[in-house]
file model_22.txt (compact mmCIF, C-alpha atoms)
# COMPACT_ATOMS: atom_id res chain seq x y z
CA MET B 1330 0.49 -3.15 30.76
CA HIS B 1331 -1.60 -0.09 31.61
CA LYS B 1332 -4.32 1.96 30.07
CA LEU B 1333 -3.49 5.05 28.11
CA LYS B 1334 -3.40 8.21 30.17
CA ASN B 1335 -2.02 10.82 27.86
CA ILE B 1336 -3.88 10.76 24.58
CA ASP B 1337 -2.51 14.03 23.24
CA LEU B 1338 -0.27 12.34 20.72
CA LEU B 1339 -3.12 10.28 19.38
CA LEU B 1340 -5.47 13.24 19.19
CA TYR B 1341 -2.80 15.22 17.40
CA GLN B 1342 -2.58 12.36 14.89
CA PHE B 1343 -6.31 12.47 14.30
CA GLN B 1344 -6.12 16.21 13.73
CA THR B 1345 -3.39 15.88 11.13
CA LEU B 1346 -5.48 13.22 9.42
CA GLY B 1347 -8.47 15.59 9.38
CA ILE B 1348 -10.73 13.14 11.18
CA ALA B 1349 -10.83 14.69 14.67
CA ASP B 1350 -14.00 16.65 13.93
CA LYS B 1351 -15.80 13.70 12.39
CA ILE B 1352 -15.73 11.56 15.51
CA PRO B 1353 -18.04 12.40 18.41
CA PRO B 1354 -16.18 12.82 21.73
CA GLU B 1355 -17.92 9.88 23.38
CA ALA B 1356 -16.90 7.59 20.50
CA LEU B 1357 -13.33 8.78 20.78
CA ASP B 1358 -13.32 8.21 24.53
CA ALA B 1359 -14.58 4.69 24.01
CA ALA B 1360 -11.88 3.98 21.41
CA VAL B 1361 -9.15 5.42 23.60
CA SER B 1362 -10.27 3.19 26.47
CA LEU B 1363 -9.54 0.17 24.24
CA ILE B 1364 -5.97 1.23 23.58
CA GLN B 1365 -3.29 -0.57 25.55
CA VAL B 1366 0.16 0.88 26.11
CA GLU B 1367 3.04 -1.56 26.07
CA GLU B 1368 6.60 -0.69 26.99
CA TYR B 1369 9.55 -2.36 25.31
CA ASN B 1370 13.29 -2.31 25.86
CA LYS B 1371 15.79 -1.78 23.12
CA ARG B 1372 16.02 -4.96 20.94
CA ASP B 1373 12.74 -6.43 22.20
CA LEU B 1374 10.61 -8.10 19.56
CA ILE B 1375 7.16 -6.53 19.45
CA VAL B 1376 5.88 -8.91 16.77
CA LYS B 1377 7.46 -12.18 15.74
CA LYS B 1378 7.15 -13.42 12.17
CA GLY B 1379 4.49 -16.14 11.96
CA GLU B 1380 2.39 -14.71 14.79
CA ILE B 1381 -1.22 -13.82 14.14
CA CYS B 1382 -1.43 -10.25 15.25
CA LYS B 1383 -4.60 -8.41 14.37
CA LYS B 1384 -3.59 -5.05 15.76
CA TRP B 1385 -2.85 -1.50 14.85
CA PHE B 1386 0.35 -0.08 16.31
CA PHE B 1387 0.88 3.59 17.13
CA VAL B 1388 4.44 4.45 18.07
CA GLY B 1389 4.13 6.71 21.13
CA GLU B 1390 7.83 6.92 21.98
CA GLY B 1391 10.96 5.45 20.43
CA ILE B 1392 11.51 3.96 17.00
CA VAL B 1393 10.77 0.50 15.60
CA ARG B 1394 11.86 -1.39 12.55
CA VAL B 1395 9.93 -3.97 10.58
CA PHE B 1396 12.24 -6.57 9.05
CA PHE B 1397 12.41 -10.07 7.62
CA GLU B 1398 15.12 -12.45 6.51
CA LYS B 1399 15.95 -13.25 2.92
CA ASN B 1400 18.75 -15.61 1.95
CA GLY B 1401 20.31 -15.23 5.39
CA THR B 1402 20.26 -11.41 5.29
CA GLU B 1403 17.98 -9.20 7.34
CA ILE B 1404 16.02 -6.76 5.21
CA THR B 1405 14.56 -3.63 6.79
CA ASP B 1406 11.10 -2.93 5.46
CA LEU B 1407 9.91 -0.02 7.56
CA LEU B 1408 11.43 2.41 10.07
CA ALA B 1409 8.70 4.00 12.18
CA PRO B 1410 9.46 6.68 14.79
CA GLU B 1411 7.09 8.29 17.30
CA GLY B 1412 3.89 9.54 15.71
CA TRP B 1413 3.71 6.78 13.11
CA ALA B 1414 0.93 4.24 12.89
CA PHE B 1415 0.82 0.97 10.98
CA PRO B 1416 -1.03 -2.35 11.00
CA MET B 1417 0.42 -5.73 10.18
CA VAL B 1418 -1.66 -5.56 7.03
CA GLU B 1419 -1.58 -9.26 6.21
CA CYS B 1420 -2.84 -10.16 9.72
CA TYR B 1421 -5.36 -7.42 10.32
CA TYR B 1422 -6.94 -7.50 6.88
CA GLY B 1423 -5.86 -10.84 5.46
CA ASN B 1424 -6.10 -13.14 8.51
CA MET B 1425 -2.60 -14.42 7.71
CA PRO B 1426 0.41 -14.83 9.99
CA ALA B 1427 2.80 -11.86 10.17
CA ASN B 1428 5.30 -11.95 7.32
CA ALA B 1429 7.87 -9.83 9.18
CA ASN B 1430 9.23 -9.07 12.65
CA VAL B 1431 8.80 -5.80 14.49
CA GLU B 1432 11.66 -4.80 16.78
CA ALA B 1433 12.17 -1.90 19.21
CA LEU B 1434 15.39 -0.04 18.31
CA GLU B 1435 15.08 2.20 21.37
CA PRO B 1436 13.08 1.93 24.57
CA CYS B 1437 9.55 2.25 23.16
CA LYS B 1438 6.02 2.98 24.23
CA ILE B 1439 3.64 1.43 21.76
CA LEU B 1440 -0.09 2.10 21.66
CA ILE B 1441 -1.96 -0.99 20.57
CA LEU B 1442 -5.48 -1.23 19.18
CA GLU B 1443 -6.83 -4.75 18.77
CA LYS B 1444 -9.09 -5.57 15.87
CA ASP B 1445 -11.97 -7.51 17.40
CA PRO B 1446 -12.85 -5.18 20.28
CA PHE B 1447 -12.42 -2.22 17.93
CA LEU B 1448 -14.81 -3.71 15.36
CA GLY B 1449 -17.25 -4.44 18.18
CA LEU B 1450 -17.13 -0.82 19.21
CA GLN B 1451 -17.69 0.31 15.62
CA LYS B 1452 -21.13 -1.30 15.70
CA GLN B 1453 -22.01 1.24 18.36
CA TYR B 1454 -19.99 4.12 16.87
CA PRO B 1455 -19.65 3.64 13.10
CA GLU B 1456 -17.70 6.92 12.84
CA LEU B 1457 -14.70 5.15 14.34
CA ALA B 1458 -14.11 3.55 10.96
CA TYR B 1459 -12.72 6.95 9.91
CA ILE B 1460 -9.67 6.26 12.04
CA THR B 1461 -8.44 3.14 10.33
CA ARG B 1462 -9.66 4.26 6.90
CA ALA B 1463 -7.68 7.52 7.15
CA ILE B 1464 -4.49 5.93 8.45
CA LEU B 1465 -4.71 3.11 5.94
CA LYS B 1466 -5.07 5.63 3.13
CA ARG B 1467 -2.01 7.51 4.37
CA PHE B 1468 -0.06 4.25 4.64
CA LEU B 1469 -1.07 3.33 1.08
CA ILE B 1470 0.22 6.63 -0.28
CA TYR B 1471 3.41 6.25 1.77
CA ASN B 1472 3.99 2.84 0.18
CA GLN B 1473 3.37 4.19 -3.31
CA HIS B 1474 5.98 6.91 -2.71
CA ARG B 1475 8.37 4.33 -1.34
CA VAL B 1476 8.08 2.24 -4.51
CA ASP B 1477 8.68 5.36 -6.61
CA SER B 1478 11.68 6.30 -4.51
CA LEU B 1479 13.26 2.85 -4.79
CA MET B 1480 12.68 2.67 -8.52
CA PHE B 1481 13.78 6.07 -9.63
CA GLU B 1482 15.77 7.96 -7.06
CA THR B 1483 19.53 8.08 -6.65
CA ALA B 1484 21.04 6.90 -3.36
CA GLU B 1485 21.41 10.53 -2.31
CA GLU B 1486 17.79 11.40 -3.10
CA LYS B 1487 16.58 8.33 -1.20
CA TYR B 1488 18.64 9.28 1.82
CA ASP B 1489 17.37 12.90 1.71
CA ARG B 1490 13.80 11.66 1.53
CA LEU B 1491 14.37 9.47 4.58
CA LEU B 1492 15.96 12.37 6.49
CA ALA B 1493 12.96 14.54 5.68
CA ASN B 1494 10.72 11.85 7.22
CA ILE B 1495 12.96 10.98 10.16
CA PRO B 1496 15.56 13.66 10.95
CA LYS B 1497 18.86 12.49 12.51
CA ILE B 1498 17.98 8.91 11.76
CA LEU B 1499 21.57 7.71 11.89
CA LEU B 1500 21.88 8.79 15.50
CA ARG B 1501 19.05 6.39 16.31
CA VAL B 1502 19.30 3.52 13.85
CA PRO B 1503 22.39 1.44 12.91
CA SER B 1504 23.60 2.40 9.44
CA LEU B 1505 23.31 -1.21 8.33
CA TYR B 1506 19.53 -1.05 8.77
CA VAL B 1507 19.31 2.33 7.11
CA ALA B 1508 21.24 1.07 4.08
CA SER B 1509 19.00 -1.98 3.87
CA PHE B 1510 15.89 0.18 4.10
CA LEU B 1511 17.15 2.31 1.20
CA GLY B 1512 18.11 -0.72 -0.88
CA ILE B 1513 21.76 0.38 -1.09
CA THR B 1514 24.98 -1.09 0.30
CA PRO B 1515 26.46 0.27 3.56
CA GLU B 1516 29.46 1.48 1.51
CA THR B 1517 27.23 3.56 -0.75
CA LEU B 1518 25.46 5.00 2.29
CA SER B 1519 28.75 6.09 3.83
CA ARG B 1520 29.84 7.66 0.51
CA VAL B 1521 26.56 9.59 0.35
CA ARG B 1522 27.05 10.81 3.92
CA ALA B 1523 30.64 11.86 3.31
CA LYS B 1524 29.58 13.83 0.25
CA LYS B 1525 26.87 15.61 2.23
CA THR B 1526 29.29 16.51 5.03
CA LYS B 1527 31.69 18.05 2.51
CA LYS B 1528 28.92 20.26 1.11
CA MET W 83 -29.69 -1.05 -11.80
CA ASP W 84 -27.46 -1.58 -14.79
CA LYS W 85 -28.05 -5.03 -16.20
CA ASN W 86 -24.70 -5.13 -17.92
CA ILE W 87 -22.76 -5.61 -14.72
CA ASP W 88 -21.58 -9.15 -14.21
CA LYS W 89 -22.52 -9.39 -10.54
CA GLU W 90 -21.84 -13.10 -10.22
CA TYR W 91 -18.30 -12.53 -11.42
CA LEU W 92 -17.65 -9.70 -8.96
CA LEU W 93 -19.10 -11.61 -6.02
CA ASN W 94 -16.80 -14.48 -6.81
CA ARG W 95 -13.72 -12.45 -7.76
CA TYR W 96 -13.71 -10.31 -4.59
CA LYS W 97 -14.50 -13.00 -2.06
CA GLU W 98 -11.08 -12.60 -0.47
CA PHE W 99 -12.06 -9.06 0.54
CA GLY W 100 -15.33 -10.26 2.04
CA ILE W 101 -17.74 -9.09 -0.67
CA ASP W 102 -19.76 -12.26 -0.07
CA GLN W 103 -20.21 -11.20 3.57
CA LEU W 104 -22.00 -7.99 2.61
CA SER W 105 -25.75 -7.86 3.04
CA GLN W 106 -27.93 -7.88 -0.07
CA GLU W 107 -28.92 -4.26 0.53
CA VAL W 108 -25.29 -3.11 0.55
CA VAL W 109 -24.31 -5.17 -2.47
CA ASP W 110 -27.27 -3.77 -4.43
CA ASP W 111 -26.35 -0.23 -3.40
CA PHE W 112 -22.74 -0.85 -4.53
CA PHE W 113 -23.65 -2.35 -7.91
CA SER W 114 -26.37 0.20 -8.63
CA ARG W 115 -23.79 3.01 -8.52
CA MET W 116 -21.51 1.38 -11.10
CA LYS W 117 -21.21 2.54 -14.68
CA VAL W 118 -20.02 0.32 -17.52
CA VAL W 119 -17.61 1.72 -20.10
CA LYS W 120 -16.02 0.05 -23.09
CA LYS W 121 -12.58 1.15 -24.24
CA LYS W 122 -10.45 0.49 -27.30
CA ARG W 123 -6.76 -0.27 -27.57
CA HIS W 124 -4.63 2.87 -26.97
CA ASP W 125 -7.51 4.77 -25.32
CA LEU W 126 -6.40 6.74 -22.28
CA LEU W 127 -8.69 6.14 -19.33
CA LEU W 128 -6.81 8.83 -17.39
CA LYS W 129 -4.59 11.58 -18.78
CA GLU W 130 -1.67 13.31 -17.11
CA GLY W 131 -2.89 16.25 -15.01
CA GLU W 132 -6.47 14.98 -14.79
CA VAL W 133 -7.91 14.19 -11.38
CA CYS W 134 -8.69 10.50 -10.98
CA GLU W 135 -12.37 10.64 -9.98
CA ASN W 136 -13.27 6.97 -10.30
CA PHE W 137 -12.45 3.70 -8.70
CA ALA W 138 -12.33 1.19 -11.54
CA ILE W 139 -12.72 -2.53 -11.95
CA MET W 140 -11.65 -4.20 -15.19
CA ARG W 141 -14.04 -6.99 -16.11
CA THR W 142 -12.03 -7.96 -19.20
CA GLY W 143 -9.05 -6.52 -21.02
CA LEU W 144 -5.52 -5.40 -20.34
CA LEU W 145 -4.14 -2.01 -19.36
CA ARG W 146 -1.10 -0.39 -17.93
CA ILE W 147 -0.57 2.48 -15.52
CA PHE W 148 2.48 4.53 -16.45
CA HIS W 149 4.12 7.92 -16.06
CA TYR W 150 6.81 10.08 -17.57
CA LYS W 151 10.08 10.40 -15.68
CA LYS W 152 12.34 13.01 -17.27
CA GLY W 153 10.52 12.48 -20.54
CA LYS W 154 10.88 8.71 -20.39
CA ASP W 155 7.83 6.44 -20.42
CA ILE W 156 7.87 4.25 -17.29
CA SER W 157 5.29 1.48 -16.75
CA ASP W 158 4.14 1.11 -13.14
CA VAL W 159 1.95 -1.93 -13.47
CA PHE W 160 0.11 -4.13 -15.95
CA LEU W 161 -3.38 -5.25 -15.01
CA GLY W 162 -5.63 -7.93 -16.48
CA ASP W 163 -9.16 -9.32 -15.99
CA GLY W 164 -10.70 -8.68 -12.60
CA SER W 165 -8.14 -6.09 -11.46
CA PHE W 166 -9.21 -2.97 -9.63
CA PHE W 167 -7.27 0.26 -9.80
CA VAL W 168 -7.03 4.02 -9.26
CA SER W 169 -4.23 6.53 -9.66
CA ILE W 170 -3.43 6.33 -5.96
CA ASP W 171 -2.18 9.83 -5.11
CA SER W 172 -4.68 11.54 -7.35
CA PHE W 173 -7.72 9.55 -6.24
CA PHE W 174 -7.10 9.83 -2.51
CA ASN W 175 -5.74 13.39 -2.44
CA ASN W 176 -8.10 14.73 -5.11
CA SER W 177 -5.08 16.11 -6.98
CA PRO W 178 -3.91 16.12 -10.62
CA SER W 179 -2.53 12.72 -11.59
CA ASP W 180 1.08 12.18 -12.60
CA ARG W 181 0.00 8.71 -13.71
CA LEU W 182 -1.71 7.86 -17.00
CA ILE W 183 -3.87 4.81 -17.62
CA GLU W 184 -3.67 3.30 -21.10
CA ILE W 185 -5.80 0.52 -22.52
CA LEU W 186 -3.63 -2.17 -24.17
CA GLU W 187 -6.40 -4.54 -25.23
CA PRO W 188 -10.14 -3.83 -25.68
CA ALA W 189 -11.56 -3.50 -22.19
CA GLU W 190 -14.86 -3.54 -20.37
CA ILE W 191 -14.56 -1.46 -17.21
CA TYR W 192 -16.88 -0.75 -14.30
CA LEU W 193 -16.52 2.70 -12.75
CA ILE W 194 -17.70 4.06 -9.45
CA SER W 195 -17.07 7.66 -8.41
CA ARG W 196 -15.10 8.75 -5.36
CA LYS W 197 -18.19 10.54 -4.06
CA ASP W 198 -20.28 7.36 -4.33
CA LEU W 199 -17.60 5.29 -2.63
CA ILE W 200 -17.35 7.72 0.29
CA GLU W 201 -21.13 7.71 0.58
CA LEU W 202 -21.17 3.91 0.61
CA CYS W 203 -18.49 3.82 3.32
CA ASP W 204 -20.30 6.39 5.44
CA LYS W 205 -23.67 4.73 4.99
CA HIS W 206 -22.67 1.11 5.57
CA LEU W 207 -20.01 0.14 8.11
CA GLU W 208 -19.66 -3.26 6.45
CA PHE W 209 -18.85 -1.61 3.14
CA ASP W 210 -16.20 0.50 4.82
CA LEU W 211 -14.50 -2.65 6.11
CA PHE W 212 -14.68 -4.20 2.64
CA SER W 213 -13.05 -1.07 1.16
CA GLN W 214 -10.32 -1.16 3.81
CA SER W 215 -9.56 -4.77 2.88
CA MET W 216 -9.11 -3.69 -0.72
CA ILE W 217 -6.78 -0.84 0.27
CA ALA W 218 -4.85 -3.26 2.47
CA PHE W 219 -4.48 -5.62 -0.48
CA VAL W 220 -2.91 -2.84 -2.56
CA ILE W 221 -0.56 -1.98 0.31
CA GLY W 222 0.47 -5.65 0.29
CA VAL W 223 1.16 -5.51 -3.44
CA LEU W 224 3.26 -2.36 -3.02
CA GLN W 225 5.17 -3.90 -0.13
CA LYS W 226 6.02 -6.93 -2.24
CA LYS W 227 7.28 -4.59 -4.90
CA VAL W 228 9.38 -2.70 -2.32
CA GLU W 229 10.90 -5.98 -1.24
CA LEU W 230 11.83 -6.82 -4.80
CA LEU W 231 13.20 -3.37 -5.53
CA GLN W 232 15.44 -3.42 -2.47
CA PHE W 233 17.48 -6.39 -3.61
CA ALA W 234 15.91 -8.43 -6.37
CA THR W 235 17.63 -9.12 -9.65
CA ALA W 236 15.96 -8.24 -12.95
CA GLU W 237 15.14 -11.93 -13.31
CA GLU W 238 13.31 -12.10 -9.97
CA ARG W 239 11.36 -8.98 -10.89
CA LEU W 240 10.31 -10.44 -14.21
CA GLU W 241 9.19 -13.65 -12.53
CA MET W 242 7.06 -11.61 -10.17
CA ILE W 243 5.15 -9.79 -12.89
CA LEU W 244 4.69 -12.98 -14.87
CA GLN W 245 2.89 -14.42 -11.86
CA ASP W 246 0.29 -11.65 -12.24
CA VAL W 247 -0.08 -11.76 -16.03
CA PRO W 248 1.63 -14.97 -17.26
CA ASP W 249 1.44 -14.20 -20.98
CA LEU W 250 2.45 -10.57 -20.57
CA MET W 251 5.48 -10.82 -22.88
CA GLN W 252 3.24 -11.91 -25.72
CA ARG W 253 0.75 -9.12 -25.09
CA VAL W 254 2.80 -5.95 -24.59
CA SER W 255 6.00 -4.48 -26.02
CA SER W 256 9.30 -5.44 -24.42
CA VAL W 257 10.21 -1.76 -24.07
CA GLN W 258 7.25 -1.31 -21.73
CA VAL W 259 8.15 -4.38 -19.71
CA ALA W 260 11.79 -3.23 -19.46
CA SER W 261 10.73 0.17 -18.10
CA TYR W 262 8.57 -1.59 -15.54
CA LEU W 263 11.54 -3.65 -14.37
CA GLY W 264 13.81 -0.62 -14.35
CA VAL W 265 16.23 -2.24 -16.81
CA THR W 266 17.25 -1.59 -20.41
CA PRO W 267 15.52 -3.58 -23.18
CA GLU W 268 18.91 -5.28 -23.81
CA THR W 269 19.14 -6.51 -20.23
CA LEU W 270 15.56 -7.75 -20.44
CA SER W 271 16.35 -9.75 -23.53
CA ARG W 272 19.41 -11.32 -21.85
CA VAL W 273 17.29 -12.20 -18.80
CA ARG W 274 14.62 -13.78 -21.00
CA GLY W 275 17.27 -15.77 -22.85
CA ARG W 276 18.63 -17.11 -19.56
CA MET W 277 15.15 -18.02 -18.33
CA ALA W 278 14.29 -19.76 -21.59
CA ARG W 279 17.49 -21.83 -21.52
CA ARG W 280 16.84 -22.84 -17.94
CA ASN W 281 13.31 -23.94 -18.76
CA GLU W 282 14.37 -26.10 -21.70
call {"tool": "encode", "arguments": {"input": "model_22.txt", "output": "structure tokens"}}
result
Amino acid sequence: MHKLKNIDLLLYQFQTLGIADKIPPEALDAAVSLIQVEEYNKRDLIVKKGEICKKWFFVGEGIVRVFFEKNGTEITDLLAPEGWAFPMVECYYGNMPANANVEALEPCKILILEKDPFLGLQKQYPELAYITRAILKRFLIYNQHRVDSLMFETAEEKYDRLLANIPKILLRVPSLYVASFLGITPETLSRVRAKKTKK
Amino acid sequence: MDKNIDKEYLLNRYKEFGIDQLSQEVVDDFFSRMKVVKKKRHDLLLKEGEVCENFAIMRTGLLRIFHYKKGKDISDVFLGDGSFFVSIDSFFNNSPSDRLIEILEPAEIYLISRKDLIELCDKHLEFDLFSQSMIAFVIGVLQKKVELLQFATAEERLEMILQDVPDLMQRVSSVQVASYLGVTPETLSRVRGRMARRNE
């Protein structure tokens, strides 16, 4: 484990969220000093279901999947490549054990922000609350769109939406996980791909 | 401060988000910015294309959030006493709403504007954390719905919404419930028949 050296990716994130200007530099420095960088190998579990894990995760490099088991089948809940940030919502905000696993699908560098020290720091720099508020808001809207996509889109539309979010996903993620994420069978996914190749 | 706001109820109802941890000053500031509105059955609290300017808490009543997909009326969610809601995209992005909010039973609703909420968050760190807990709760609800949509049967979906509003089938039309489940009214009636037989 080592401290974060290159914070460009994180700062870029804050800019896209429109919060970079709202946080004084010294507050940002203090927050960055709290962030730990962990490295994982392909197939490592970053979070195990049942763990209490009050942390925010920023994917610095690589891609992770969030998944759980249902009736003996693994269901992929979230695919998050570099640049994405997410909390284990039920742990961070609900004080409950994690209801899913997080796994590295490639060698990953994950930036981790722990709740308690971060809240402590917010007493000194209240502006830091912008960070989690802004990312949480973005994550909320993402989830709303995901519900809409699952309810109303065809398999092809769902796949296109995923490609727009994560280009070349099938070069990085097994098609079984991608199909599960989209709520379609692997056969349907391969039909959709074949149709797109023909076009 | 508006005397019509049932503060005791709110303090109790939103304990899980830590409202009872807020200092008196913050709670007073929060409640003093609320407006009470009363709505009748079939009133629209939000129309298509309007910007959702308010965060809303339903003290009593029943409503649904819905939208039109290729001309078809699709229910997103049914909400009863004590629920809080916004049109998510519209409220957070300050953009015209594709969602409509329709009152299904006479409702008493507390409103607080986006501007007031942002002010509260900026003014009181503890309020900001409370508001994040509420957003996180909604993310949890959406994630549960995602999970169901990925693989659940119509029956599992119906069971899920009945957990939220147990007497929903008696209170709203089956066409609306069917659109919420993403099934035809005929499928819904088959599912209900199966559930009823099993419960006999």
call {"tool": "residues_around", "arguments": {"input": "model_22.txt", "residues": "Ser1519 of chain B", "least_positions_apart": "4", "cutoff": "12 Å", "atoms": "all atoms listed in the file", "output": "list in words"}}
result
Ala1484, Glu1485, Tyr1488, Leu1499, Ser1504, Leu1505, Val1507, Ala1508, Ile1513, Thr1514, Pro1515, Ala1523, Lys1524, Lys1525 and Thr1526 of chain B
call {"tool": "atom_distance", "arguments": {"input": "model_22.txt", "atom1": "atom CA of Leu1479 of chain B", "atom2": "atom CA of Leu231 of chain W"}}
result
6.3 Å
call {"tool": "residues_around", "arguments": {"input": "model_22.txt", "residues": "segment 1373-1390 of chain B", "least_positions_apart": "5", "cutoff": "7 Å", "atoms": "only C-alpha atoms", "output": "list in words"}}
result
Pro1410, Glu1411, Gly1412, Trp1413, Ala1414, Phe1415, Pro1416, Met1417, Cys1420, Tyr1421, Met1425, Pro1426, Ala1427, Asn1428, Ala1429, Asn1430, Val1431, Glu1432, Ala1433, Cys1437, Lys1438, Ile1439, Leu1440, Ile1441, Leu1442, Glu1443 and Lys1444 of chain B
call {"tool": "residues_around", "arguments": {"input": "model_22.txt", "residues": "Arg146 of chain W", "least_positions_apart": "5", "cutoff": "8 Å", "atoms": "only C-alpha atoms", "output": "list in words"}}
result
Ser157, Asp158, Val159, Phe160, Leu161, Ile183, Glu184, Ile185 and Leu186 of chain W
call {"tool": "interface_residues", "arguments": {"input": "model_22.txt", "of": "chain B", "to": "chain W", "cutoff": "8 Å", "atoms": "all atoms listed in the file", "output": "PyMOL selection string"}}
result
chain B and resi 1406+1418-1419+1422-1423+1451-1452+1455-1456+1458+1462+1465-1466+1468-1470+1472-1473+1475-1476+1479-1480+1509-1513
call {"tool": "write_last_selection", "arguments": {"input": "model_22.txt", "atoms": "C-alpha atoms", "output": "mmCIF file, in the frame of the given file"}}
result
data_model
loop_
_atom_site.group_PDB
_atom_site.id
_atom_site.type_symbol
_atom_site.label_atom_id
_atom_site.label_comp_id
_atom_site.auth_asym_id
_atom_site.auth_seq_id
_atom_site.Cartn_x
_atom_site.Cartn_y
_atom_site.Cartn_z
ATOM 1 C CA ASP B 1406 11.100 -2.930 5.460
ATOM 2 C CA VAL B 1418 -1.660 -5.560 7.030
ATOM 3 C CA GLU B 1419 -1.580 -9.260 6.210
ATOM 4 C CA TYR B 1422 -6.940 -7.500 6.880
ATOM 5 C CA GLY B 1423 -5.860 -10.840 5.460
ATOM 6 C CA GLN B 1451 -17.690 0.310 15.620
ATOM 7 C CA LYS B 1452 -21.130 -1.300 15.700
ATOM 8 C CA PRO B 1455 -19.650 3.640 13.100
ATOM 9 C CA GLU B 1456 -17.700 6.920 12.840
ATOM 10 C CA ALA B 1458 -14.110 3.550 10.960
ATOM 11 C CA ARG B 1462 -9.660 4.260 6.900
ATOM 12 C CA LEU B 1465 -4.710 3.110 5.940
ATOM 13 C CA LYS B 1466 -5.070 5.630 3.130
ATOM 14 C CA PHE B 1468 -0.060 4.250 4.640
ATOM 15 C CA LEU B 1469 -1.070 3.330 1.080
ATOM 16 C CA ILE B 1470 0.220 6.630 -0.280
ATOM 17 C CA ASN B 1472 3.990 2.840 0.180
ATOM 18 C CA GLN B 1473 3.370 4.190 -3.310
ATOM 19 C CA ARG B 1475 8.370 4.330 -1.340
ATOM 20 C CA VAL B 1476 8.080 2.240 -4.510
ATOM 21 C CA LEU B 1479 13.260 2.850 -4.790
ATOM 22 C CA MET B 1480 12.680 2.670 -8.520
ATOM 23 C CA SER B 1509 19.000 -1.980 3.870
ATOM 24 C CA PHE B 1510 15.890 0.180 4.100
ATOM 25 C CA LEU B 1511 17.150 2.310 1.200
ATOM 26 C CA GLY B 1512 18.110 -0.720 -0.880
ATOM 27 C CA ILE B 1513 21.760 0.380 -1.090
#
